[in-house]
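Have a look at protein_8.cif; it's mmCIF, C-alpha atoms and all ligand atoms:
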```cif
data_my_file
#
loop_
_atom_site.label_atom_id
_atom_site.label_comp_id
_atom_site.auth_asym_id
_atom_site.auth_seq_id
_atom_site.Cartn_x
_atom_site.Cartn_y
_atom_site.Cartn_z
CA MET V 1 -20.82 7.00 -4.90
CA ALA V 2 -18.04 5.80 -7.15
CA LYS V 3 -17.29 2.40 -8.59
CA ILE V 4 -13.74 1.47 -7.63
CA VAL V 5 -11.95 -1.45 -9.24
CA TYR V 6 -9.51 -3.24 -6.95
CA VAL V 7 -7.26 -5.67 -8.83
CA GLU V 8 -5.56 -8.38 -6.81
CA PHE V 9 -1.98 -9.36 -7.60
CA ASP V 10 -3.22 -12.46 -9.44
CA GLY V 11 -5.45 -10.33 -11.65
CA THR V 12 -8.74 -10.96 -9.86
CA GLN V 13 -10.89 -7.85 -10.14
CA HIS V 14 -13.38 -6.57 -7.59
CA SER V 15 -15.70 -3.75 -8.60
CA VAL V 16 -17.01 -2.03 -5.48
CA ASP V 17 -19.39 0.90 -4.97
CA VAL V 18 -17.74 3.20 -2.43
CA ALA V 19 -19.61 6.09 -0.83
CA GLN V 20 -18.30 9.61 -1.27
CA GLY V 21 -16.25 10.57 1.77
CA ALA V 22 -15.16 7.04 2.60
CA THR V 23 -11.53 6.22 1.95
CA LEU V 24 -10.35 3.69 -0.60
CA MET V 25 -9.15 1.56 2.33
CA GLU V 26 -12.58 1.62 3.98
CA GLY V 27 -14.21 0.70 0.68
CA ALA V 28 -11.93 -2.32 0.34
CA ARG V 29 -12.29 -3.36 3.96
CA ASN V 30 -16.09 -3.11 3.90
CA ALA V 31 -16.15 -5.29 0.80
CA ALA V 32 -13.66 -7.77 2.33
CA ILE V 33 -11.18 -7.36 -0.52
CA PRO V 34 -8.23 -9.61 0.27
CA GLY V 35 -4.85 -7.89 0.29
CA ILE V 36 -5.72 -4.53 1.83
CA GLU V 37 -5.29 -4.95 5.54
CA GLY V 38 -5.46 -1.46 7.04
CA ASP V 39 -3.91 -2.52 10.32
CA CYS V 40 -3.73 0.98 11.82
CA GLY V 41 -7.34 1.77 10.97
CA GLY V 42 -6.46 4.58 8.61
CA ALA V 43 -4.05 6.60 10.74
CA CYS V 44 -1.27 6.54 8.12
CA ALA V 45 0.86 4.52 10.51
CA CYS V 46 1.24 1.05 9.00
CA SER V 47 1.40 1.00 5.16
CA THR V 48 -0.70 -2.21 4.95
CA CYS V 49 -3.23 -0.43 2.75
CA HIS V 50 -0.70 0.12 -0.04
CA VAL V 51 -1.75 -0.06 -3.69
CA TYR V 52 -0.46 0.97 -7.11
CA VAL V 53 -2.76 3.46 -8.78
CA ASP V 54 -3.44 2.74 -12.43
CA PRO V 55 -1.24 5.16 -14.43
CA ASP V 56 -4.30 6.66 -16.15
CA TRP V 57 -5.56 7.83 -12.77
CA VAL V 58 -2.46 9.14 -11.02
CA ALA V 59 -2.88 12.77 -12.09
CA ARG V 60 -6.59 12.78 -11.22
CA LEU V 61 -6.09 11.98 -7.55
CA PRO V 62 -5.18 14.43 -4.80
CA GLY V 63 -1.44 14.70 -4.22
CA VAL V 64 0.61 12.77 -1.69
CA GLU V 65 1.02 14.54 1.65
CA PRO V 66 4.42 14.35 3.41
CA MET V 67 3.18 11.92 6.08
CA GLU V 68 1.95 9.49 3.42
CA GLU V 69 5.19 9.89 1.50
CA ASP V 70 7.17 8.95 4.62
CA MET V 71 5.00 5.92 5.37
CA LEU V 72 5.27 4.66 1.78
CA ASP V 73 8.96 4.03 2.50
CA PHE V 74 7.78 1.14 4.69
CA ALA V 75 5.45 -0.36 2.09
CA TYR V 76 6.29 -3.59 0.25
CA ALA V 77 7.88 -2.87 -3.14
CA PRO V 78 6.76 0.74 -3.58
CA ARG V 79 6.77 2.17 -7.10
CA ALA V 80 7.59 5.83 -7.58
CA GLY V 81 4.64 7.81 -8.83
CA LEU V 82 2.17 4.93 -8.52
CA SER V 83 2.23 3.86 -4.88
CA ARG V 84 -0.44 5.27 -2.57
CA LEU V 85 -1.88 4.47 0.82
CA THR V 86 -5.58 3.88 0.33
CA CYS V 87 -6.49 5.23 3.76
CA GLN V 88 -5.27 8.64 2.64
CA ILE V 89 -7.55 8.93 -0.39
CA GLU V 90 -11.13 10.02 0.20
CA VAL V 91 -13.46 8.90 -2.54
CA THR V 92 -15.34 11.46 -4.59
CA ASP V 93 -17.89 10.92 -7.33
CA ALA V 94 -15.21 12.01 -9.82
CA MET V 95 -13.28 8.83 -8.99
CA ASP V 96 -15.91 6.63 -10.62
CA GLY V 97 -14.00 3.95 -12.53
CA LEU V 98 -10.75 4.34 -10.60
CA VAL V 99 -8.52 1.27 -10.87
CA VAL V 100 -5.99 0.33 -8.19
CA HIS V 101 -3.67 -2.68 -8.24
CA LEU V 102 -2.73 -4.52 -5.08
CA PRO V 103 0.89 -5.41 -4.40
CA GLU V 104 2.03 -9.02 -4.09
CA ARG V 105 1.83 -8.66 -0.32
CA GLN V 106 1.72 -6.11 2.45
CA LEU V 107 4.42 -5.65 5.06
FE1 LIG V 201 -2.48 2.04 8.05
FE2 LIG V 201 -3.36 3.08 5.76
S1 LIG V 201 -4.40 1.79 7.10
S2 LIG V 201 -1.45 3.40 6.71
#
```

Rewrite the coordinates I just gave you, this time as structure tokens.
Amino acid sequence: MAKIVYVEFDGTQHSVDVAQGATLMEGARNAAIPGIEGDCGGACACSTCHVYVDPDWVARLPGVEPMEEDMLDFAYAPRAGLSRLTCQIEVTDAMDGLVVHLPERQL
């Protein structure tokens, strides 16, 4: 279990306990966080689960696989080095306190 902080574009914070092995997208969806849509259900085929990882956490997350990198090209306003697809990040206990910022909108 890890506490994940999802920050909406307007600054609203949601602190959510996410089980180890669930993805960041599933954690947001299960908690009904607005702004993470996950239209493809986690298949890395839509980019509607896009977030910006807090800079303090970027190096502590697993790297971006080529398929995620390709799909990020279709995300709204991606930021190099910070943008991730939440369906591609499985939560571990070591991610306790992770902060992710939602974009203004999803495409
Ligand atoms: Fe579609 Fe993440 S849910 S790419």

Inset, instruction - Considering only C-alpha atoms, return as JSON, numbers by chain whatever protein or nucleic-acid residues lie within 8 Å of stretch 81-86 of chain V, sequence-local ones (same chain, fewer than 5 positions apart) excluded. - result: {"V": [23, 24, 25, 44, 47, 48, 49, 50, 51, 52, 53, 54, 55, 58, 64, 68, 72]}

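Each of V:Pro62, V:Gly27, V:Cys40, V:Gln13 was checked against V:Met1 using all atoms listed in the file; the smallest atom-to-atom distance is that of V:Gly27.
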
Legend entry - Spatial neighbours of V:Arg105, max dist 10 Å, all atoms listed in the file, sep filter under 5 positions, as number ranges by chain: V: 8-9, 35-37, 48, 50-51, 75-77

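When only C-alpha atoms are used to compute distances to V:Asp96, the closest of the residues V:Ala28, V:Ala80, V:Ile33, V:Leu61 turns out to be V:Leu61.
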
Inset, instruction - Pick out the closest residue to V:Arg60 from this set: V:Ala31, V:Cys46, V:Leu107, V:Val91. Count all atoms listed in the file. - result: V:Val91
